[in-house]
$ cat final.pdb   # PDB, C-alpha atoms and all ligand atoms
ATOM      1  CA  MET A  65     -72.651  -8.025  69.642  1.00  0.00           C
ATOM      2  CA  HIS A  66     -69.321  -9.941  69.864  1.00  0.00           C
ATOM      3  CA  LYS A  67     -68.836 -13.299  71.601  1.00  0.00           C
ATOM      4  CA  THR A  68     -65.658 -14.629  73.232  1.00  0.00           C
ATOM      5  CA  ILE A  69     -64.876 -17.996  71.629  1.00  0.00           C
ATOM      6  CA  ASN A  70     -62.053 -20.583  71.617  1.00  0.00           C
ATOM      7  CA  PRO A  71     -61.603 -21.533  67.925  1.00  0.00           C
ATOM      8  CA  ASN A  72     -59.271 -24.457  67.171  1.00  0.00           C
ATOM      9  CA  ILE A  73     -57.750 -22.650  64.179  1.00  0.00           C
ATOM     10  CA  LEU A  74     -57.340 -19.014  63.144  1.00  0.00           C
ATOM     11  CA  TYR A  75     -56.913 -19.490  59.392  1.00  0.00           C
ATOM     12  CA  PHE A  76     -58.591 -16.292  58.225  1.00  0.00           C
ATOM     13  CA  GLY A  77     -57.801 -16.733  54.537  1.00  0.00           C
ATOM     14  CA  THR A  78     -54.430 -16.658  52.755  1.00  0.00           C
ATOM     15  CA  PRO A  79     -53.209 -17.741  49.300  1.00  0.00           C
ATOM     16  CA  VAL A  80     -52.216 -21.352  48.712  1.00  0.00           C
ATOM     17  CA  VAL A  81     -48.582 -21.939  47.741  1.00  0.00           C
ATOM     18  CA  LEU A  82     -47.099 -25.166  46.393  1.00  0.00           C
ATOM     19  CA  ILE A  83     -43.522 -25.158  47.657  1.00  0.00           C
ATOM     20  CA  GLY A  84     -41.124 -27.065  45.449  1.00  0.00           C
ATOM     21  CA  THR A  85     -37.969 -28.252  47.209  1.00  0.00           C
ATOM     22  CA  ARG A  86     -35.212 -30.783  46.570  1.00  0.00           C
ATOM     23  CA  ASN A  87     -34.858 -33.891  48.736  1.00  0.00           C
ATOM     24  CA  GLU A  88     -31.522 -35.153  50.049  1.00  0.00           C
ATOM     25  CA  ASP A  89     -31.352 -37.807  47.286  1.00  0.00           C
ATOM     26  CA  GLY A  90     -31.942 -35.203  44.541  1.00  0.00           C
ATOM     27  CA  SER A  91     -35.624 -36.057  43.984  1.00  0.00           C
ATOM     28  CA  ASN A  92     -38.342 -33.390  44.146  1.00  0.00           C
ATOM     29  CA  ASN A  93     -40.797 -32.613  46.927  1.00  0.00           C
ATOM     30  CA  LEU A  94     -43.938 -30.542  46.575  1.00  0.00           C
ATOM     31  CA  ALA A  95     -46.044 -29.354  49.508  1.00  0.00           C
ATOM     32  CA  PRO A  96     -49.189 -27.262  49.796  1.00  0.00           C
ATOM     33  CA  MET A  97     -49.080 -24.513  52.410  1.00  0.00           C
ATOM     34  CA  SER A  98     -50.929 -21.267  52.925  1.00  0.00           C
ATOM     35  CA  SER A  99     -49.288 -19.304  55.753  1.00  0.00           C
ATOM     36  CA  ALA A 100     -47.508 -16.931  53.402  1.00  0.00           C
ATOM     37  CA  TRP A 101     -47.200 -13.190  52.911  1.00  0.00           C
ATOM     38  CA  TRP A 102     -45.030 -10.935  50.783  1.00  0.00           C
ATOM     39  CA  LEU A 103     -43.243  -7.621  51.360  1.00  0.00           C
ATOM     40  CA  ASN A 104     -41.064  -6.058  48.671  1.00  0.00           C
ATOM     41  CA  ALA A 105     -39.056  -8.926  47.172  1.00  0.00           C
ATOM     42  CA  SER A 106     -39.280 -11.113  50.273  1.00  0.00           C
ATOM     43  CA  CYS A 107     -41.785 -13.652  51.490  1.00  0.00           C
ATOM     44  CA  MET A 108     -42.440 -15.082  54.948  1.00  0.00           C
ATOM     45  CA  LEU A 109     -43.582 -18.703  55.144  1.00  0.00           C
ATOM     46  CA  GLY A 110     -45.016 -20.372  58.249  1.00  0.00           C
ATOM     47  CA  MET A 111     -44.463 -24.147  58.369  1.00  0.00           C
ATOM     48  CA  SER A 112     -44.004 -27.026  60.744  1.00  0.00           C
ATOM     49  CA  SER A 113     -40.406 -28.196  61.052  1.00  0.00           C
ATOM     50  CA  ARG A 114     -41.846 -31.728  61.051  1.00  0.00           C
ATOM     51  CA  SER A 115     -42.498 -31.306  57.318  1.00  0.00           C
ATOM     52  CA  GLN A 116     -40.084 -32.596  54.689  1.00  0.00           C
ATOM     53  CA  THR A 117     -40.202 -29.107  53.155  1.00  0.00           C
ATOM     54  CA  VAL A 118     -38.617 -27.427  56.179  1.00  0.00           C
ATOM     55  CA  GLN A 119     -35.963 -30.157  56.393  1.00  0.00           C
ATOM     56  CA  ASN A 120     -35.173 -29.505  52.715  1.00  0.00           C
ATOM     57  CA  LEU A 121     -35.101 -25.722  53.196  1.00  0.00           C
ATOM     58  CA  LEU A 122     -32.699 -25.987  56.136  1.00  0.00           C
ATOM     59  CA  ARG A 123     -30.293 -28.064  54.015  1.00  0.00           C
ATOM     60  CA  GLU A 124     -30.709 -26.695  50.477  1.00  0.00           C
ATOM     61  CA  ARG A 125     -31.530 -23.035  51.304  1.00  0.00           C
ATOM     62  CA  GLU A 126     -33.675 -22.670  48.189  1.00  0.00           C
ATOM     63  CA  CYS A 127     -37.170 -23.364  46.876  1.00  0.00           C
ATOM     64  CA  VAL A 128     -39.796 -22.371  44.326  1.00  0.00           C
ATOM     65  CA  LEU A 129     -43.066 -20.810  45.482  1.00  0.00           C
ATOM     66  CA  ASN A 130     -45.581 -22.011  42.904  1.00  0.00           C
ATOM     67  CA  LEU A 131     -48.902 -20.194  43.193  1.00  0.00           C
ATOM     68  CA  PRO A 132     -51.887 -22.179  41.922  1.00  0.00           C
ATOM     69  CA  SER A 133     -54.934 -20.392  40.617  1.00  0.00           C
ATOM     70  CA  GLU A 134     -58.486 -21.542  41.294  1.00  0.00           C
ATOM     71  CA  ALA A 135     -58.074 -23.817  38.245  1.00  0.00           C
ATOM     72  CA  GLN A 136     -55.512 -26.036  40.047  1.00  0.00           C
ATOM     73  CA  VAL A 137     -57.616 -26.650  43.174  1.00  0.00           C
ATOM     74  CA  SER A 138     -58.121 -30.396  42.524  1.00  0.00           C
ATOM     75  CA  ALA A 139     -54.379 -30.944  42.167  1.00  0.00           C
ATOM     76  CA  VAL A 140     -53.757 -29.035  45.411  1.00  0.00           C
ATOM     77  CA  ASP A 141     -56.293 -31.154  47.259  1.00  0.00           C
ATOM     78  CA  ARG A 142     -54.736 -34.393  45.938  1.00  0.00           C
ATOM     79  CA  LEU A 143     -51.541 -33.396  47.820  1.00  0.00           C
ATOM     80  CA  ALA A 144     -53.321 -32.960  51.171  1.00  0.00           C
ATOM     81  CA  LEU A 145     -52.455 -35.448  53.953  1.00  0.00           C
ATOM     82  CA  PHE A 146     -49.288 -36.631  52.219  1.00  0.00           C
ATOM     83  CA  THR A 147     -45.744 -35.961  53.364  1.00  0.00           C
ATOM     84  CA  GLY A 148     -42.401 -36.476  51.689  1.00  0.00           C
ATOM     85  CA  ARG A 149     -40.959 -37.380  55.106  1.00  0.00           C
ATOM     86  CA  ASN A 150     -40.103 -41.029  55.782  1.00  0.00           C
ATOM     87  CA  PRO A 151     -40.798 -42.254  58.414  1.00  0.00           C
ATOM     88  CA  VAL A 152     -43.900 -40.093  58.931  1.00  0.00           C
ATOM     89  CA  PRO A 153     -43.515 -38.146  62.220  1.00  0.00           C
ATOM     90  CA  PRO A 154     -45.901 -39.614  64.863  1.00  0.00           C
ATOM     91  CA  THR A 155     -47.924 -36.379  65.215  1.00  0.00           C
ATOM     92  CA  LYS A 156     -48.567 -36.387  61.458  1.00  0.00           C
ATOM     93  CA  ALA A 157     -49.315 -40.137  61.349  1.00  0.00           C
ATOM     94  CA  GLU A 158     -51.952 -39.622  64.075  1.00  0.00           C
ATOM     95  CA  ARG A 159     -53.670 -37.088  61.804  1.00  0.00           C
ATOM     96  CA  GLY A 160     -53.753 -39.542  58.889  1.00  0.00           C
ATOM     97  CA  TYR A 161     -50.678 -38.382  56.930  1.00  0.00           C
ATOM     98  CA  ARG A 162     -49.003 -40.947  54.673  1.00  0.00           C
ATOM     99  CA  TYR A 163     -45.542 -40.967  53.072  1.00  0.00           C
ATOM    100  CA  GLU A 164     -45.501 -40.194  49.329  1.00  0.00           C
ATOM    101  CA  PRO A 165     -42.183 -39.894  47.461  1.00  0.00           C
ATOM    102  CA  ASP A 166     -43.798 -38.848  44.149  1.00  0.00           C
ATOM    103  CA  LYS A 167     -45.851 -35.728  44.952  1.00  0.00           C
ATOM    104  CA  PHE A 168     -45.892 -34.503  41.352  1.00  0.00           C
ATOM    105  CA  GLY A 169     -47.195 -37.909  40.243  1.00  0.00           C
ATOM    106  CA  ILE A 170     -50.058 -38.148  42.748  1.00  0.00           C
ATOM    107  CA  ALA A 171     -51.075 -34.540  42.058  1.00  0.00           C
ATOM    108  CA  ASP A 172     -50.803 -35.089  38.282  1.00  0.00           C
ATOM    109  CA  LEU A 173     -48.659 -31.953  37.937  1.00  0.00           C
ATOM    110  CA  ALA A 174     -45.641 -31.523  35.663  1.00  0.00           C
ATOM    111  CA  ILE A 175     -42.103 -30.674  36.774  1.00  0.00           C
ATOM    112  CA  GLN A 176     -40.534 -27.665  35.058  1.00  0.00           C
ATOM    113  CA  PRO A 177     -36.832 -27.089  35.743  1.00  0.00           C
ATOM    114  CA  SER A 178     -35.937 -23.766  37.390  1.00  0.00           C
ATOM    115  CA  GLU A 179     -33.374 -21.313  36.080  1.00  0.00           C
ATOM    116  CA  LEU A 180     -31.505 -20.189  39.224  1.00  0.00           C
ATOM    117  CA  VAL A 181     -32.280 -22.840  41.850  1.00  0.00           C
ATOM    118  CA  ARG A 182     -32.325 -26.642  41.834  1.00  0.00           C
ATOM    119  CA  ALA A 183     -35.859 -26.854  43.307  1.00  0.00           C
ATOM    120  CA  PRO A 184     -38.672 -27.637  40.842  1.00  0.00           C
ATOM    121  CA  ARG A 185     -41.289 -25.361  39.309  1.00  0.00           C
ATOM    122  CA  VAL A 186     -44.846 -26.571  38.702  1.00  0.00           C
ATOM    123  CA  ALA A 187     -45.578 -26.118  34.991  1.00  0.00           C
ATOM    124  CA  GLU A 188     -49.349 -25.663  35.562  1.00  0.00           C
ATOM    125  CA  CYS A 189     -48.969 -22.845  38.142  1.00  0.00           C
ATOM    126  CA  PRO A 190     -49.371 -19.371  36.572  1.00  0.00           C
ATOM    127  CA  VAL A 191     -46.975 -17.838  39.133  1.00  0.00           C
ATOM    128  CA  GLN A 192     -43.581 -19.398  39.889  1.00  0.00           C
ATOM    129  CA  LEU A 193     -41.177 -17.606  42.236  1.00  0.00           C
ATOM    130  CA  GLU A 194     -37.625 -18.926  42.530  1.00  0.00           C
ATOM    131  CA  ALA A 195     -36.329 -18.101  46.000  1.00  0.00           C
ATOM    132  CA  THR A 196     -33.426 -18.489  48.432  1.00  0.00           C
ATOM    133  CA  VAL A 197     -33.673 -18.784  52.219  1.00  0.00           C
ATOM    134  CA  ALA A 198     -32.538 -15.673  54.112  1.00  0.00           C
ATOM    135  CA  GLN A 199     -33.381 -16.564  57.734  1.00  0.00           C
ATOM    136  CA  ILE A 200     -35.360 -19.136  59.698  1.00  0.00           C
ATOM    137  CA  HIS A 201     -37.069 -17.939  62.897  1.00  0.00           C
ATOM    138  CA  PRO A 202     -38.412 -20.533  65.379  1.00  0.00           C
ATOM    139  CA  PHE A 203     -41.770 -19.901  67.057  1.00  0.00           C
ATOM    140  CA  GLU A 204     -41.826 -19.839  70.842  1.00  0.00           C
ATOM    141  CA  ALA A 205     -41.025 -23.290  72.387  1.00  0.00           C
ATOM    142  CA  PRO A 206     -42.462 -25.929  72.484  1.00  0.00           C
ATOM    143  CA  SER A 207     -43.941 -25.127  69.036  1.00  0.00           C
ATOM    144  CA  SER A 208     -42.522 -27.004  66.033  1.00  0.00           C
ATOM    145  CA  LEU A 209     -43.395 -24.067  63.778  1.00  0.00           C
ATOM    146  CA  VAL A 210     -40.850 -21.880  62.023  1.00  0.00           C
ATOM    147  CA  ALA A 211     -41.161 -18.650  60.053  1.00  0.00           C
ATOM    148  CA  ILE A 212     -38.949 -18.849  56.984  1.00  0.00           C
ATOM    149  CA  GLU A 213     -37.884 -15.627  55.331  1.00  0.00           C
ATOM    150  CA  VAL A 214     -37.114 -16.166  51.659  1.00  0.00           C
ATOM    151  CA  LYS A 215     -35.803 -13.768  49.038  1.00  0.00           C
ATOM    152  CA  ILE A 216     -37.474 -13.931  45.636  1.00  0.00           C
ATOM    153  CA  GLU A 217     -34.709 -14.284  43.046  1.00  0.00           C
ATOM    154  CA  ARG A 218     -36.717 -14.707  39.822  1.00  0.00           C
ATOM    155  CA  VAL A 219     -40.399 -14.171  38.965  1.00  0.00           C
ATOM    156  CA  HIS A 220     -42.111 -16.218  36.225  1.00  0.00           C
ATOM    157  CA  ILE A 221     -45.656 -15.167  35.296  1.00  0.00           C
ATOM    158  CA  ALA A 222     -48.080 -16.666  32.787  1.00  0.00           C
ATOM    159  CA  GLU A 223     -48.324 -14.099  30.003  1.00  0.00           C
ATOM    160  CA  GLU A 224     -52.124 -13.892  30.181  1.00  0.00           C
ATOM    161  CA  LEU A 225     -51.880 -12.375  33.697  1.00  0.00           C
ATOM    162  CA  LEU A 226     -50.017  -9.267  32.527  1.00  0.00           C
ATOM    163  CA  MET A 227     -51.703  -5.888  32.151  1.00  0.00           C
ATOM    164  CA  ASP A 228     -52.519  -5.148  28.524  1.00  0.00           C
ATOM    165  CA  GLY A 229     -49.461  -3.593  26.832  1.00  0.00           C
ATOM    166  CA  GLU A 230     -47.268  -3.906  29.974  1.00  0.00           C
ATOM    167  CA  GLU A 231     -44.276  -6.262  30.334  1.00  0.00           C
ATOM    168  CA  HIS A 232     -43.699  -6.026  34.097  1.00  0.00           C
ATOM    169  CA  TYR A 233     -47.117  -5.437  35.699  1.00  0.00           C
ATOM    170  CA  ILE A 234     -49.431  -8.189  36.892  1.00  0.00           C
ATOM    171  CA  ASP A 235     -53.095  -7.344  36.388  1.00  0.00           C
ATOM    172  CA  PRO A 236     -54.913  -8.032  39.699  1.00  0.00           C
ATOM    173  CA  VAL A 237     -58.181  -8.379  37.810  1.00  0.00           C
ATOM    174  CA  LYS A 238     -56.733 -11.306  35.813  1.00  0.00           C
ATOM    175  CA  TRP A 239     -55.045 -13.125  38.735  1.00  0.00           C
ATOM    176  CA  LYS A 240     -57.364 -15.611  40.457  1.00  0.00           C
ATOM    177  CA  PRO A 241     -55.465 -16.871  43.527  1.00  0.00           C
ATOM    178  CA  LEU A 242     -56.618 -19.944  45.382  1.00  0.00           C
ATOM    179  CA  ILE A 243     -57.411 -18.953  48.965  1.00  0.00           C
ATOM    180  CA  MET A 244     -57.451 -21.281  51.960  1.00  0.00           C
ATOM    181  CA  ASN A 245     -60.073 -20.009  54.369  1.00  0.00           C
ATOM    182  CA  PHE A 246     -60.477 -22.035  57.588  1.00  0.00           C
ATOM    183  CA  CYS A 247     -59.123 -25.113  55.696  1.00  0.00           C
ATOM    184  CA  HIS A 248     -61.626 -24.721  52.819  1.00  0.00           C
ATOM    185  CA  TYR A 249     -60.808 -23.620  49.283  1.00  0.00           C
ATOM    186  CA  PHE A 250     -62.121 -20.266  48.071  1.00  0.00           C
ATOM    187  CA  GLY A 251     -61.518 -17.862  45.217  1.00  0.00           C
ATOM    188  CA  LEU A 252     -61.448 -14.069  45.519  1.00  0.00           C
ATOM    189  CA  GLY A 253     -64.504 -11.967  44.896  1.00  0.00           C
ATOM    190  CA  GLY A 254     -64.139  -9.000  42.553  1.00  0.00           C
ATOM    191  CA  LYS A 255     -62.699  -5.569  43.295  1.00  0.00           C
ATOM    192  CA  VAL A 256     -64.813  -3.797  45.944  1.00  0.00           C
ATOM    193  CA  HIS A 257     -63.423  -0.219  45.975  1.00  0.00           C
ATOM    194  CA  PRO A 258     -60.899   1.945  44.110  1.00  0.00           C
ATOM    195  CA  SER A 259     -57.503   1.890  45.902  1.00  0.00           C
ATOM    196  CA  ARG A 260     -55.464   4.995  46.695  1.00  0.00           C
ATOM    197  CA  LEU A 261     -52.410   2.863  47.598  1.00  0.00           C
ATOM    198  CA  ALA A 262     -52.477   1.173  44.180  1.00  0.00           C
ATOM    199  CA  SER A 263     -51.450   4.472  42.544  1.00  0.00           C
ATOM    200  CA  ILE A 264     -47.910   4.028  43.988  1.00  0.00           C
ATOM    201  CA  PHE A 265     -47.397   0.784  42.072  1.00  0.00           C
ATOM    202  CA  ALA A 266     -49.264   1.625  38.867  1.00  0.00           C
ATOM    203  CA  PRO A 267     -47.376   1.580  35.541  1.00  0.00           C
ATOM    204  CA  PRO A 268     -46.147   5.028  34.426  1.00  0.00           C
ATOM    205  CA  ALA A 269     -48.578   6.933  32.204  1.00  0.00           C
ATOM    206  CA  ARG A 270     -47.680   6.791  28.503  1.00  0.00           C
ATOM    207  CA  ASP A 271     -48.107   9.582  25.953  1.00  0.00           C
TER     208      ASP A 271
HETATM  209  C1  LIG B   1     -54.228 -26.106  51.362  1.00  0.00           C
HETATM  210  C2  LIG B   1     -53.227 -26.492  52.413  1.00  0.00           C
HETATM  211  C3  LIG B   1     -52.587 -25.520  53.151  1.00  0.00           C
HETATM  212  C4  LIG B   1     -51.640 -25.865  54.124  1.00  0.00           C
HETATM  213  N1  LIG B   1     -51.003 -24.875  54.829  1.00  0.00           N
HETATM  214  C5  LIG B   1     -49.985 -25.202  55.676  1.00  0.00           C
HETATM  215  C6  LIG B   1     -49.223 -24.183  56.303  1.00  0.00           C
HETATM  216  O1  LIG B   1     -49.451 -22.989  56.091  1.00  0.00           O
HETATM  217  N2  LIG B   1     -48.211 -24.559  57.124  1.00  0.00           N
HETATM  218  C7  LIG B   1     -47.911 -25.890  57.371  1.00  0.00           C
HETATM  219  O2  LIG B   1     -46.980 -26.187  58.139  1.00  0.00           O
HETATM  220  N3  LIG B   1     -48.633 -26.866  56.781  1.00  0.00           N
HETATM  221  C8  LIG B   1     -49.647 -26.557  55.936  1.00  0.00           C
HETATM  222  N4  LIG B   1     -50.351 -27.553  55.307  1.00  0.00           N
HETATM  223  C9  LIG B   1     -49.987 -28.952  55.610  1.00  0.00           C
HETATM  224  C10 LIG B   1     -48.731 -29.385  54.842  1.00  0.00           C
HETATM  225  O3  LIG B   1     -49.076 -29.615  53.495  1.00  0.00           O
HETATM  226  C11 LIG B   1     -48.137 -30.599  55.550  1.00  0.00           C
HETATM  227  O4  LIG B   1     -47.369 -30.124  56.642  1.00  0.00           O
HETATM  228  C12 LIG B   1     -47.295 -31.523  54.680  1.00  0.00           C
HETATM  229  O5  LIG B   1     -46.733 -32.524  55.514  1.00  0.00           O
HETATM  230  C13 LIG B   1     -46.163 -30.834  53.965  1.00  0.00           C
HETATM  231  O6  LIG B   1     -45.562 -31.751  53.084  1.00  0.00           O
HETATM  232  P1  LIG B   1     -44.059 -32.248  53.338  1.00  0.00           P
HETATM  233  O7  LIG B   1     -44.033 -32.915  54.688  1.00  0.00           O
HETATM  234  O8  LIG B   1     -43.777 -33.185  52.222  1.00  0.00           O
HETATM  235  O9  LIG B   1     -43.203 -31.036  53.332  1.00  0.00           O
HETATM  236  C14 LIG B   1     -51.330 -27.235  54.364  1.00  0.00           C
HETATM  237  C15 LIG B   1     -51.982 -28.213  53.610  1.00  0.00           C
HETATM  238  C16 LIG B   1     -52.926 -27.855  52.649  1.00  0.00           C
HETATM  239  C17 LIG B   1     -53.606 -28.939  51.849  1.00  0.00           C
END
$ encode --input "final.pdb" --output "structure tokens" --more "lines below"
Ligand SMILES: Cc1cc2nc3c(=O)[nH]c(=O)nc-3n(C[C@H](O)[C@H](O)[C@H](O)COP(=O)(O)O)c2cc1C
Amino acid sequence: MHKTINPNILYFGTPVVLIGTRNEDGSNNLAPMSSAWWLNASCMLGMSSRSQTVQNLLRERECVLNLPSEAQVSAVDRLALFTGRNPVPPTKAERGYRYEPDKFGIADLAIQPSELVRAPRVAECPVQLEATVAQIHPFEAPSSLVAIEVKIERVHIAEELLMDGEEHYIDPVKWKPLIMNFCHYFGLGGKVHPSRLASIFAPPARD
């Protein structure tokens, strides 16, 4: 039996991303978000244009998508309810957001310089994707949300996540993404079924 309900959020569970961007004065910003999905070498990010991150993306046109694993959950949560935007937009202030210029410091995460973009990587994140902005699509007015299409320019992966004996294949059994599910932090369960689609992306058989 299904019931018709009016939920206040529809956050059904997506991976957490720490977006590293560069502020106007050259300092670094870091923001947790989780409305993200990937297709080929592109990623679509859903964010409020009231965030410092979107302001930085509009100006700088580049970022790093740092993917925390379950192991970085405390650092992710330390970033919640902070913004790099000063003054704090009234709608954020009403929700308890405070201005914080040193996001890496409060999260106790280390800055790692990128190779192709000026935005920062997070040293502790096992996945770091350097990216450039392709297009920004506004949601229907009066929403402040935008969908940002970014192109992944360089992929950095912690070596221990690679398939045994493979240089370019990430082992899904080894990758433990942090999932935000209705604003709570979850991990993934294990594999539940063999996948026919996975055969398309499997490494070539070796003799
Ligand atoms: C785990 C987590 C996931 C979040 N997901 C999103 C999201 O998908 N989109 C968004 O606009 N804000 C999201 N937020 C809120 C942002 O972190 C917030 O807008 C913050 O102001 C961004 O920082 P900035 O203003 O310095 O860019 C999320 C926060 C947390 C802690």
$ residues_around --input "final.pdb" --residues "segment 245-247 of chain A" --least-positions-apart "4" --cutoff "9 Å" --atoms "all atoms listed in the file" --output "list in words"
Ile73, Leu74, Tyr75, Phe76, Gly77, Thr78 and Pro79 of chain A
$ resolve_selection --input "final.pdb" --expression "the PyMOL selection byres (((chain A and resi 85) around 9) and not hetatm)" --output "ChimeraX atom specification"
/A:83-84,86-87,91-95,116-117,120-121,124,126-128,182-184
$ resolve_selection --input "final.pdb" --expression "the PyMOL selection byres (((not hetatm)) within 9 of (chain B and resi 1))" --output "PyMOL selection string"
chain A and resi 75+78-83+85+93-100+109-120+137+140-149+152+156+161-165+167+209-210+242-245+247-249
$ resolve_selection --input "final.pdb" --expression "the PyMOL selection byres (((chain A and resi 253-268) around 8) and not hetatm)" --output "PDB file with C-alpha atoms, in the frame of the given file"
ATOM      1  CA  GLU A 230     -47.268  -3.906  29.974  1.00  0.00           C
ATOM      2  CA  TYR A 233     -47.117  -5.437  35.699  1.00  0.00           C
ATOM      3  CA  VAL A 237     -58.181  -8.379  37.810  1.00  0.00           C
ATOM      4  CA  GLY A 251     -61.518 -17.862  45.217  1.00  0.00           C
ATOM      5  CA  LEU A 252     -61.448 -14.069  45.519  1.00  0.00           C
ATOM      6  CA  ALA A 269     -48.578   6.933  32.204  1.00  0.00           C
ATOM      7  CA  ARG A 270     -47.680   6.791  28.503  1.00  0.00           C
TER       8      ARG A 270
END
$ atom_distance --input "final.pdb" --atom1 "atom CA of Ile212 of chain A" --atom2 "atom CA of Ile200 of chain A"
4.5 Å
$ axis_aligned_box --input "final.pdb" --around "segment 76-80 of chain A" --padding-each-side "6 Å" --output "AutoDock Vina command-line options"
--center_x -55.4 --center_y -18.8 --center_z 53.5 --size_x 18.4 --size_y 17.1 --size_z 21.5
$ atom_distance --input "final.pdb" --atom1 "atom CA of Val214 of chain A" --atom2 "atom CA of Asp89 of chain A"
22.8 Å
$ atom_distance --input "final.pdb" --atom1 "atom CA of Leu103 of chain A" --atom2 "atom CA of Glu213 of chain A"
10.4 Å
$ closest_residue --input "final.pdb" --among "A:Met108, A:Met227, A:Leu122, A:Cys189" --to "Gln176 of chain A" --atoms "only C-alpha atoms"
A:Cys189
$ closest_residue --input "final.pdb" --among "A:Pro132, A:Pro153, A:Pro177, A:Gly90" --to "Pro241 of chain A" --atoms "all atoms listed in the file"
A:Pro132
$ closest_residue --input "final.pdb" --among "A:Trp239, A:Phe168, A:Phe203, A:Trp102" --to "Leu226 of chain A" --atoms "all atoms listed in the file"
A:Trp239
$ closest_residue --input "final.pdb" --among "A:Ile69, A:Ile175, A:Val186, A:Ala195" --to "Ala105 of chain A" --atoms "only C-alpha atoms"
A:Ala195
$ closest_residue --input "final.pdb" --among "A:Leu129, A:Cys107, A:Glu88, A:Met65" --to "Lys215 of chain A" --atoms "only C-alpha atoms"
A:Cys107
$ decode --input "final.pdb" --residues "segment 258-269 of chain A" --atoms "N, CA, C and O atoms" --output "compact mmCIF listing (two decimals), in the first residue's frame"
# COMPACT_ATOMS: atom_id res chain seq x y z
N PRO A 258 25.29 -9.68 -9.47
CA PRO A 258 26.21 -9.48 -10.61
C PRO A 258 25.59 -8.49 -11.59
O PRO A 258 24.35 -8.44 -11.72
N SER A 259 26.44 -7.72 -12.32
CA SER A 259 25.94 -6.67 -13.20
C SER A 259 26.29 -6.95 -14.65
O SER A 259 27.47 -7.06 -15.00
N ARG A 260 25.26 -7.03 -15.51
CA ARG A 260 25.54 -7.24 -16.93
C ARG A 260 26.16 -5.99 -17.56
O ARG A 260 27.02 -6.06 -18.41
N LEU A 261 25.72 -4.79 -17.11
CA LEU A 261 26.26 -3.55 -17.67
C LEU A 261 27.76 -3.40 -17.38
O LEU A 261 28.51 -2.85 -18.18
N ALA A 262 28.19 -3.91 -16.22
CA ALA A 262 29.59 -3.75 -15.82
C ALA A 262 30.54 -4.37 -16.83
O ALA A 262 31.71 -3.95 -16.94
N SER A 263 30.07 -5.34 -17.62
CA SER A 263 30.96 -6.02 -18.57
C SER A 263 31.48 -5.04 -19.62
O SER A 263 32.59 -5.18 -20.14
N ILE A 264 30.71 -3.97 -19.92
CA ILE A 264 31.12 -2.98 -20.93
C ILE A 264 32.38 -2.23 -20.47
O ILE A 264 33.22 -1.85 -21.27
N PHE A 265 32.48 -2.01 -19.16
CA PHE A 265 33.56 -1.17 -18.64
C PHE A 265 34.67 -1.98 -17.96
O PHE A 265 35.55 -1.42 -17.34
N ALA A 266 34.61 -3.28 -18.07
CA ALA A 266 35.60 -4.13 -17.40
C ALA A 266 36.95 -4.04 -18.12
O ALA A 266 37.00 -3.78 -19.33
N PRO A 267 38.06 -4.23 -17.40
CA PRO A 267 39.36 -4.22 -18.07
C PRO A 267 39.45 -5.37 -19.07
O PRO A 267 38.81 -6.41 -18.87
N PRO A 268 40.21 -5.20 -20.17
CA PRO A 268 40.32 -6.27 -21.16
C PRO A 268 40.97 -7.51 -20.54
O PRO A 268 41.84 -7.39 -19.67
N ALA A 269 40.50 -8.68 -20.98
CA ALA A 269 41.08 -9.93 -20.46
C ALA A 269 42.54 -10.02 -20.87
O ALA A 269 42.93 -9.56 -21.95
